[in-house]
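Chemist: Please find one structure pasted underneath; my questions will follow.
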Amino acid sequence: MELLDKLNWRYAAKAMNGEKVAEDKIERIIEAARLAPTSSGLQPFEILVVKNQEIKEKIKPIAWNQSVITDCSHLLVFAAWDTYTPERINYMFDLTNEIRGFKNEGWENYRKMLLDMYPQRDAEENFNHAAKQAYIAFAHAIMAAAFEKVDATPLEGFDPAAVDEILGLREKGLRSAVLLPLGYRKTEEDWLVNLVKVRKSTKDLVTVIE
């Protein structure tokens, strides 16, 4: 119930007060994102933690001038791989073998299957697939932030190409997928803060197939 209580508390804050979030809270939020499941365990994304105010000021105009960009404590940028490459796939499989301390024939066959499939696909298709994996981690970060009583505002309203240029993402083989400002709500300037949370009923949302 505690997690559900925190999720009922959270909302997408429309104004933040600039107060800094303690680094240990940020670390736990990021760790939750790191622990998120991803397809084939490839984790095809990176998370950039923007604390630099000048960079946040540059991002704000290409994010519909949303004040939470500059008034947040930390701005998380979830950047997905621009495509799948043999090097990227092999890195994660080799890392798994190293950490587990053994090789498994079935696992190696699975590696070969991915190598025969992913790198041959269209780069845009691969990016879209990678971005979906980034969103899973993004959702984990939102839940972790709620658990820490830190406000988090999911943002898709921005120019990805411009963010990529500001942060030099394309040179790293990355493309921005979604933004997550973290901070604390500024209640006196937030029109959404006192409104009742609206969600579909369970009856309308869920179908149980026996």
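So you can find residues: chains in the structure tokens are A, B, ... in the order shown, residues in each start at 1, and ligands are numbered from 1 in order.
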What's around stretch 133-144 of chain A at 10 Å? Count only C-alpha atoms, leave out sequence neighbours fewer than 3 positions away in its own chain, and write the answer as a tab-separated table (two decimals) with N, CA, C and O atoms, in the first residue's frame.
Modeler:
chain	number	residue	atom	x	y	z
A	3	LEU	N	3.57	2.03	-1.64
A	3	LEU	CA	3.90	2.48	-2.99
A	3	LEU	C	2.66	3.09	-3.65
A	3	LEU	O	2.76	4.14	-4.30
A	4	LEU	N	1.50	2.46	-3.50
A	4	LEU	CA	0.28	3.00	-4.10
A	4	LEU	C	-0.07	4.35	-3.51
A	4	LEU	O	-0.54	5.26	-4.22
A	6	LYS	N	2.07	6.54	-2.45
A	6	LYS	CA	3.01	7.50	-3.05
A	6	LYS	C	2.62	7.81	-4.50
A	6	LYS	O	2.76	8.95	-4.96
A	7	LEU	N	2.13	6.80	-5.22
A	7	LEU	CA	1.72	7.03	-6.60
A	7	LEU	C	0.46	7.89	-6.67
A	7	LEU	O	0.27	8.65	-7.63
A	10	ARG	N	1.74	11.51	-6.21
A	10	ARG	CA	2.48	12.13	-7.30
A	10	ARG	C	1.55	12.66	-8.39
A	10	ARG	O	0.44	12.19	-8.58
A	11	TYR	N	2.05	13.64	-9.09
A	11	TYR	CA	1.41	14.16	-10.30
A	11	TYR	C	2.51	14.83	-11.10
A	11	TYR	O	3.64	14.97	-10.62
A	12	ALA	N	2.21	15.23	-12.30
A	12	ALA	CA	3.22	15.89	-13.14
A	12	ALA	C	3.28	17.36	-12.76
A	12	ALA	O	2.51	18.18	-13.26
A	25	LYS	N	19.01	10.64	-2.77
A	25	LYS	CA	17.71	10.37	-3.37
A	25	LYS	C	17.83	10.22	-4.90
A	25	LYS	O	17.24	9.32	-5.50
A	26	ILE	N	18.62	11.12	-5.50
A	26	ILE	CA	18.85	11.03	-6.94
A	26	ILE	C	19.50	9.70	-7.30
A	26	ILE	O	19.11	9.03	-8.28
A	28	ARG	N	19.25	6.86	-5.76
A	28	ARG	CA	18.29	5.75	-5.66
A	28	ARG	C	17.30	5.77	-6.82
A	28	ARG	O	16.90	4.71	-7.32
A	29	ILE	N	16.92	6.96	-7.28
A	29	ILE	CA	16.03	7.06	-8.43
A	29	ILE	C	16.71	6.50	-9.68
A	29	ILE	O	16.12	5.74	-10.45
A	30	ILE	N	17.97	6.87	-9.87
A	30	ILE	CA	18.72	6.38	-11.03
A	30	ILE	C	18.96	4.87	-10.93
A	30	ILE	O	18.90	4.14	-11.92
A	31	GLU	N	19.22	4.41	-9.71
A	31	GLU	CA	19.43	2.97	-9.52
A	31	GLU	C	18.18	2.18	-9.88
A	31	GLU	O	18.26	1.10	-10.47
A	32	ALA	N	17.01	2.71	-9.55
A	32	ALA	CA	15.76	2.05	-9.93
A	32	ALA	C	15.66	1.95	-11.45
A	32	ALA	O	15.24	0.92	-11.99
A	33	ALA	N	16.05	3.01	-12.14
A	33	ALA	CA	16.04	2.99	-13.61
A	33	ALA	C	17.05	1.98	-14.13
A	33	ALA	O	16.78	1.26	-15.10
A	34	ARG	N	18.21	1.90	-13.50
A	34	ARG	CA	19.24	0.96	-13.93
A	34	ARG	C	18.79	-0.48	-13.77
A	34	ARG	O	19.15	-1.36	-14.57
A	35	LEU	N	17.97	-0.75	-12.77
A	35	LEU	CA	17.51	-2.10	-12.49
A	35	LEU	C	16.30	-2.51	-13.31
A	35	LEU	O	15.84	-3.64	-13.22
A	36	ALA	N	15.79	-1.61	-14.13
A	36	ALA	CA	14.59	-1.90	-14.93
A	36	ALA	C	14.88	-3.01	-15.94
A	36	ALA	O	15.99	-3.13	-16.46
A	37	PRO	N	13.87	-3.83	-16.24
A	37	PRO	CA	14.05	-4.86	-17.27
A	37	PRO	C	14.08	-4.23	-18.66
A	37	PRO	O	13.44	-3.20	-18.90
A	38	THR	N	14.83	-4.85	-19.56
A	38	THR	CA	14.85	-4.42	-20.95
A	38	THR	C	14.92	-5.64	-21.85
A	38	THR	O	15.33	-6.72	-21.42
A	39	SER	N	14.52	-5.48	-23.08
A	39	SER	CA	14.50	-6.58	-24.03
A	39	SER	C	15.89	-7.19	-24.18
A	39	SER	O	16.87	-6.49	-24.47
A	41	GLY	N	17.90	-7.90	-22.11
A	41	GLY	CA	18.85	-7.37	-21.13
A	41	GLY	C	19.90	-6.45	-21.72
A	41	GLY	O	20.95	-6.24	-21.11
A	42	LEU	N	19.61	-5.85	-22.87
A	42	LEU	CA	20.63	-5.06	-23.57
A	42	LEU	C	20.78	-3.64	-23.01
A	42	LEU	O	21.79	-2.99	-23.27
A	43	GLN	N	19.80	-3.15	-22.28
A	43	GLN	CA	19.84	-1.78	-21.76
A	43	GLN	C	20.32	-0.80	-22.83
A	43	GLN	O	21.35	-0.12	-22.66
A	44	PRO	N	19.56	-0.67	-23.92
A	44	PRO	CA	20.04	0.12	-25.06
A	44	PRO	C	19.79	1.62	-24.93
A	44	PRO	O	19.20	2.26	-25.80
A	45	PHE	N	20.26	2.18	-23.84
A	45	PHE	CA	20.07	3.61	-23.60
A	45	PHE	C	21.08	4.07	-22.56
A	45	PHE	O	21.76	3.26	-21.91
A	46	GLU	N	21.18	5.37	-22.42
A	46	GLU	CA	21.97	5.97	-21.35
A	46	GLU	C	21.12	7.05	-20.68
A	46	GLU	O	20.17	7.55	-21.29
A	47	ILE	N	21.46	7.38	-19.46
A	47	ILE	CA	20.76	8.43	-18.72
A	47	ILE	C	21.75	9.55	-18.44
A	47	ILE	O	22.78	9.32	-17.81
A	76	LEU	N	16.83	14.70	-15.92
A	76	LEU	CA	17.27	13.42	-16.48
A	76	LEU	C	16.89	13.37	-17.95
A	76	LEU	O	15.74	13.64	-18.32
A	77	VAL	N	17.86	13.02	-18.78
A	77	VAL	CA	17.63	12.84	-20.21
A	77	VAL	C	17.84	11.37	-20.52
A	77	VAL	O	18.95	10.85	-20.35
A	78	PHE	N	16.78	10.70	-20.95
A	78	PHE	CA	16.88	9.30	-21.34
A	78	PHE	C	17.17	9.26	-22.83
A	78	PHE	O	16.35	9.67	-23.65
A	79	ALA	N	18.37	8.79	-23.17
A	79	ALA	CA	18.84	8.79	-24.56
A	79	ALA	C	19.04	7.36	-25.04
A	79	ALA	O	19.82	6.61	-24.44
A	80	ALA	N	18.32	6.99	-26.07
A	80	ALA	CA	18.37	5.63	-26.59
A	80	ALA	C	19.48	5.48	-27.63
A	80	ALA	O	19.89	6.45	-28.28
A	81	TRP	N	19.96	4.25	-27.79
A	81	TRP	CA	20.91	3.96	-28.86
A	81	TRP	C	20.28	4.34	-30.20
A	81	TRP	O	19.10	4.11	-30.44
A	127	PHE	N	16.16	2.26	-33.40
A	127	PHE	CA	16.05	3.34	-32.42
A	127	PHE	C	14.70	3.30	-31.72
A	127	PHE	O	14.62	3.46	-30.49
A	128	ASN	N	13.63	3.10	-32.47
A	128	ASN	CA	12.30	3.05	-31.87
A	128	ASN	C	12.19	1.91	-30.86
A	128	ASN	O	11.57	2.06	-29.80
A	129	HIS	N	12.81	0.80	-31.17
A	129	HIS	CA	12.81	-0.33	-30.24
A	129	HIS	C	13.61	0.02	-28.98
A	129	HIS	O	13.17	-0.24	-27.85
A	130	ALA	N	14.77	0.63	-29.18
A	130	ALA	CA	15.60	1.03	-28.04
A	130	ALA	C	14.90	2.07	-27.18
A	130	ALA	O	14.99	2.04	-25.94
A	147	PHE	N	8.34	7.41	-4.58
A	147	PHE	CA	8.66	6.75	-3.32
A	147	PHE	C	9.55	7.62	-2.45
A	147	PHE	O	9.47	7.61	-1.22
A	148	GLU	N	10.41	8.43	-3.10
A	148	GLU	CA	11.31	9.33	-2.38
A	148	GLU	C	10.65	10.67	-2.05
A	148	GLU	O	11.28	11.55	-1.48
A	149	LYS	N	9.37	10.82	-2.44
A	149	LYS	CA	8.64	12.09	-2.28
A	149	LYS	C	9.35	13.22	-3.03
A	149	LYS	O	9.47	14.35	-2.54
A	150	VAL	N	9.82	12.88	-4.22
A	150	VAL	CA	10.43	13.86	-5.15
A	150	VAL	C	9.50	14.00	-6.33
A	150	VAL	O	9.02	12.99	-6.88
A	151	ASP	N	9.23	15.21	-6.74
A	151	ASP	CA	8.36	15.43	-7.89
A	151	ASP	C	9.12	15.13	-9.18
A	151	ASP	O	10.31	15.45	-9.33
A	152	ALA	N	8.39	14.53	-10.12
A	152	ALA	CA	8.96	14.19	-11.43
A	152	ALA	C	7.94	14.54	-12.49
A	152	ALA	O	6.76	14.18	-12.37
A	153	THR	N	8.38	15.24	-13.52
A	153	THR	CA	7.46	15.70	-14.57
A	153	THR	C	7.87	15.09	-15.91
A	153	THR	O	8.85	15.53	-16.53
A	154	PRO	N	7.17	14.05	-16.36
A	154	PRO	CA	7.50	13.44	-17.66
A	154	PRO	C	7.31	14.44	-18.79
A	154	PRO	O	6.26	15.08	-18.88
A	176	SER	N	18.00	11.51	-27.97
A	176	SER	CA	17.14	11.75	-26.81
A	176	SER	C	15.74	11.19	-27.07
A	176	SER	O	15.20	11.32	-28.16
A	177	ALA	N	15.17	10.57	-26.03
A	177	ALA	CA	13.85	9.97	-26.15
A	177	ALA	C	12.82	10.67	-25.29
A	177	ALA	O	11.70	10.94	-25.73
A	178	VAL	N	13.18	11.00	-24.04
A	178	VAL	CA	12.24	11.60	-23.11
A	178	VAL	C	13.01	12.28	-21.99
A	178	VAL	O	14.14	11.89	-21.68
A	179	LEU	N	12.41	13.32	-21.40
A	179	LEU	CA	13.04	14.09	-20.34
A	179	LEU	C	12.28	13.89	-19.03
A	179	LEU	O	11.07	13.70	-19.02
A	180	LEU	N	13.02	13.97	-17.91
A	180	LEU	CA	12.38	13.85	-16.60
A	180	LEU	C	13.01	14.84	-15.62
A	180	LEU	O	14.02	14.54	-14.99
A	182	LEU	N	13.45	16.52	-12.13
A	182	LEU	CA	13.23	16.10	-10.75
A	182	LEU	C	13.38	17.30	-9.83
A	182	LEU	O	14.32	18.09	-10.00
Chemist: Give me the residues within 9 Å of stretch 93-96 of chain A as a ChimeraX atom specification, counting only C-alpha atoms and dropping any in the same chain fewer than 6 places off.
Modeler: /A:41-42,102-103,107-108,111
Chemist: Keeping only N, CA and C atoms, take the residues you just selected and write them out as a compact mmCIF listing (two decimals), in the first residue's frame.
Modeler:
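After the write, result00.txt holds the following:
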# COMPACT_ATOMS: atom_id res chain seq x y z
N GLY A 41 17.90 -7.90 -22.11
CA GLY A 41 18.85 -7.37 -21.13
C GLY A 41 19.90 -6.45 -21.72
N LEU A 42 19.61 -5.85 -22.87
CA LEU A 42 20.63 -5.06 -23.57
C LEU A 42 20.78 -3.64 -23.01
N PHE A 102 30.48 -17.81 -16.25
CA PHE A 102 30.41 -19.00 -17.10
C PHE A 102 29.72 -18.65 -18.41
N LYS A 103 29.89 -19.53 -19.40
CA LYS A 103 29.20 -19.39 -20.68
C LYS A 103 28.15 -20.48 -20.79
N TRP A 107 22.58 -19.41 -24.22
CA TRP A 107 22.80 -17.95 -24.19
C TRP A 107 23.62 -17.51 -25.40
N GLU A 108 24.63 -18.29 -25.77
CA GLU A 108 25.47 -17.94 -26.91
C GLU A 108 24.69 -18.09 -28.22
N ARG A 111 22.69 -15.01 -28.46
CA ARG A 111 23.55 -13.91 -28.93
C ARG A 111 23.63 -13.93 -30.45
Chemist: From a backbone DSSP assignment, name each residue in stretch 19-204 of chain A labelled strand (DSSP E or B), as an MDAnalysis selection string.
Modeler: chainID A and resid 45:50 74:81 151:152 155 174:183 185
Chemist: Name all residues at most 9 Å from stretch 184-200 of chain A (count only C-alpha atoms; drop same-chain ones fewer than 3 positions away) and give them as a list of chain:residue names.
Modeler: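 Result of the neighbour search: A:Asn8, A:Trp9, A:Tyr11, A:Ala12, A:Ala13, A:Lys14, A:Ala15, A:Met16, A:Asn17, A:Gly18, A:Glu19, A:Lys20, A:Val21, A:Cys72, A:Ser73, A:Lys149, A:Val150, A:Asp151, A:Ala152, A:Lys203, A:Asp204, A:Leu205.
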Chemist: Write down as a PyMOL selection string the residues of stretch 11-201 of chain A whose backbone DSSP state falls under alpha helix (DSSP H).
Modeler: chain A and resi 23-34+53-59+68-71+86-100+105-117+123-147+160-167
Chemist: Kindly export the residues of the current selection with C-alpha atoms, as a PDB file, in the first residue's frame.
Modeler:
ATOM      1  CA  GLU A  23      22.114  13.341  -3.998  1.00  0.00           C
ATOM      2  CA  ASP A  24      21.312  10.080  -2.200  1.00  0.00           C
ATOM      3  CA  LYS A  25      17.705  10.374  -3.375  1.00  0.00           C
ATOM      4  CA  ILE A  26      18.848  11.033  -6.945  1.00  0.00           C
ATOM      5  CA  GLU A  27      21.142   8.021  -6.767  1.00  0.00           C
ATOM      6  CA  ARG A  28      18.295   5.753  -5.659  1.00  0.00           C
ATOM      7  CA  ILE A  29      16.031   7.063  -8.431  1.00  0.00           C
ATOM      8  CA  ILE A  30      18.715   6.379 -11.035  1.00  0.00           C
ATOM      9  CA  GLU A  31      19.433   2.968  -9.522  1.00  0.00           C
ATOM     10  CA  ALA A  32      15.763   2.053  -9.927  1.00  0.00           C
ATOM     11  CA  ALA A  33      16.042   2.990 -13.608  1.00  0.00           C
ATOM     12  CA  ARG A  34      19.244   0.958 -13.928  1.00  0.00           C
ATOM     13  CA  GLN A  53      22.053  25.495 -15.069  1.00  0.00           C
ATOM     14  CA  GLU A  54      23.417  26.957 -18.312  1.00  0.00           C
ATOM     15  CA  ILE A  55      22.614  23.761 -20.175  1.00  0.00           C
ATOM     16  CA  LYS A  56      19.117  23.679 -18.673  1.00  0.00           C
ATOM     17  CA  GLU A  57      18.656  27.279 -19.865  1.00  0.00           C
ATOM     18  CA  LYS A  58      19.616  26.188 -23.383  1.00  0.00           C
ATOM     19  CA  ILE A  59      17.145  23.322 -23.334  1.00  0.00           C
ATOM     20  CA  VAL A  68      10.311  22.940 -14.812  1.00  0.00           C
ATOM     21  CA  ILE A  69      13.306  22.541 -17.131  1.00  0.00           C
ATOM     22  CA  THR A  70      15.187  25.355 -15.421  1.00  0.00           C
ATOM     23  CA  ASP A  71      13.537  25.249 -11.990  1.00  0.00           C
ATOM     24  CA  PRO A  86      27.415  -6.032 -33.112  1.00  0.00           C
ATOM     25  CA  GLU A  87      29.758  -4.193 -30.729  1.00  0.00           C
ATOM     26  CA  ARG A  88      26.915  -3.054 -28.490  1.00  0.00           C
ATOM     27  CA  ILE A  89      25.234  -6.455 -28.452  1.00  0.00           C
ATOM     28  CA  ASN A  90      28.493  -8.313 -27.810  1.00  0.00           C
ATOM     29  CA  TYR A  91      29.403  -5.957 -24.979  1.00  0.00           C
ATOM     30  CA  MET A  92      26.292  -6.844 -22.993  1.00  0.00           C
ATOM     31  CA  PHE A  93      26.597 -10.568 -23.660  1.00  0.00           C
ATOM     32  CA  ASP A  94      30.288 -10.528 -22.707  1.00  0.00           C
ATOM     33  CA  LEU A  95      29.469  -8.536 -19.578  1.00  0.00           C
ATOM     34  CA  THR A  96      26.860 -11.120 -18.590  1.00  0.00           C
ATOM     35  CA  ASN A  97      29.341 -13.957 -19.061  1.00  0.00           C
ATOM     36  CA  GLU A  98      31.987 -12.098 -17.070  1.00  0.00           C
ATOM     37  CA  ILE A  99      29.711 -11.310 -14.136  1.00  0.00           C
ATOM     38  CA  ARG A 100      28.125 -14.778 -14.005  1.00  0.00           C
ATOM     39  CA  GLU A 105      25.334 -22.659 -24.982  1.00  0.00           C
ATOM     40  CA  GLY A 106      21.737 -21.485 -25.121  1.00  0.00           C
ATOM     41  CA  TRP A 107      22.798 -17.951 -24.195  1.00  0.00           C
ATOM     42  CA  GLU A 108      25.470 -17.941 -26.912  1.00  0.00           C
ATOM     43  CA  ASN A 109      22.954 -19.200 -29.456  1.00  0.00           C
ATOM     44  CA  TYR A 110      20.672 -16.369 -28.428  1.00  0.00           C
ATOM     45  CA  ARG A 111      23.553 -13.912 -28.927  1.00  0.00           C
ATOM     46  CA  LYS A 112      24.037 -15.212 -32.459  1.00  0.00           C
ATOM     47  CA  MET A 113      20.345 -14.876 -33.192  1.00  0.00           C
ATOM     48  CA  LEU A 114      20.368 -11.206 -32.135  1.00  0.00           C
ATOM     49  CA  LEU A 115      23.563 -10.533 -34.085  1.00  0.00           C
ATOM     50  CA  ASP A 116      21.977 -12.065 -37.181  1.00  0.00           C
ATOM     51  CA  MET A 117      18.836  -9.967 -36.773  1.00  0.00           C
ATOM     52  CA  ALA A 123      18.356   2.125 -37.935  1.00  0.00           C
ATOM     53  CA  GLU A 124      15.095   3.988 -37.299  1.00  0.00           C
ATOM     54  CA  GLU A 125      13.342   0.737 -36.409  1.00  0.00           C
ATOM     55  CA  ASN A 126      16.184  -0.092 -34.039  1.00  0.00           C
ATOM     56  CA  PHE A 127      16.045   3.338 -32.423  1.00  0.00           C
ATOM     57  CA  ASN A 128      12.296   3.046 -31.866  1.00  0.00           C
ATOM     58  CA  HIS A 129      12.811  -0.332 -30.236  1.00  0.00           C
ATOM     59  CA  ALA A 130      15.602   1.027 -28.044  1.00  0.00           C
ATOM     60  CA  ALA A 131      13.495   4.037 -27.074  1.00  0.00           C
ATOM     61  CA  LYS A 132      10.756   1.695 -25.814  1.00  0.00           C
ATOM     62  CA  GLN A 133      13.317   0.107 -23.502  1.00  0.00           C
ATOM     63  CA  ALA A 134      14.352   3.561 -22.276  1.00  0.00           C
ATOM     64  CA  TYR A 135      10.710   4.252 -21.426  1.00  0.00           C
ATOM     65  CA  ILE A 136      10.616   1.201 -19.165  1.00  0.00           C
ATOM     66  CA  ALA A 137      13.532   2.618 -17.160  1.00  0.00           C
ATOM     67  CA  PHE A 138      11.865   6.039 -17.304  1.00  0.00           C
ATOM     68  CA  ALA A 139       8.748   4.596 -15.655  1.00  0.00           C
ATOM     69  CA  HIS A 140      10.873   3.014 -12.928  1.00  0.00           C
ATOM     70  CA  ALA A 141      12.475   6.398 -12.260  1.00  0.00           C
ATOM     71  CA  ILE A 142       9.054   8.039 -11.930  1.00  0.00           C
ATOM     72  CA  MET A 143       7.916   5.437  -9.400  1.00  0.00           C
ATOM     73  CA  ALA A 144      11.172   5.682  -7.464  1.00  0.00           C
ATOM     74  CA  ALA A 145      10.870   9.467  -7.370  1.00  0.00           C
ATOM     75  CA  ALA A 146       7.364   9.156  -5.945  1.00  0.00           C
ATOM     76  CA  PHE A 147       8.659   6.748  -3.321  1.00  0.00           C
ATOM     77  CA  PRO A 160      14.854  15.926 -29.744  1.00  0.00           C
ATOM     78  CA  ALA A 161      17.260  16.963 -32.494  1.00  0.00           C
ATOM     79  CA  ALA A 162      18.021  20.225 -30.680  1.00  0.00           C
ATOM     80  CA  VAL A 163      18.565  18.433 -27.367  1.00  0.00           C
ATOM     81  CA  ASP A 164      20.834  15.962 -29.156  1.00  0.00           C
ATOM     82  CA  GLU A 165      22.899  18.866 -30.478  1.00  0.00           C
ATOM     83  CA  ILE A 166      23.134  20.647 -27.113  1.00  0.00           C
ATOM     84  CA  LEU A 167      24.301  17.480 -25.356  1.00  0.00           C
TER      85      LEU A 167
END
Chemist: So the first atom is atom CA of A:Glu156 and the second is atom CA of A:Val206; what is the distance between them in Å, to one decimal place?
Modeler: 25.9 Å
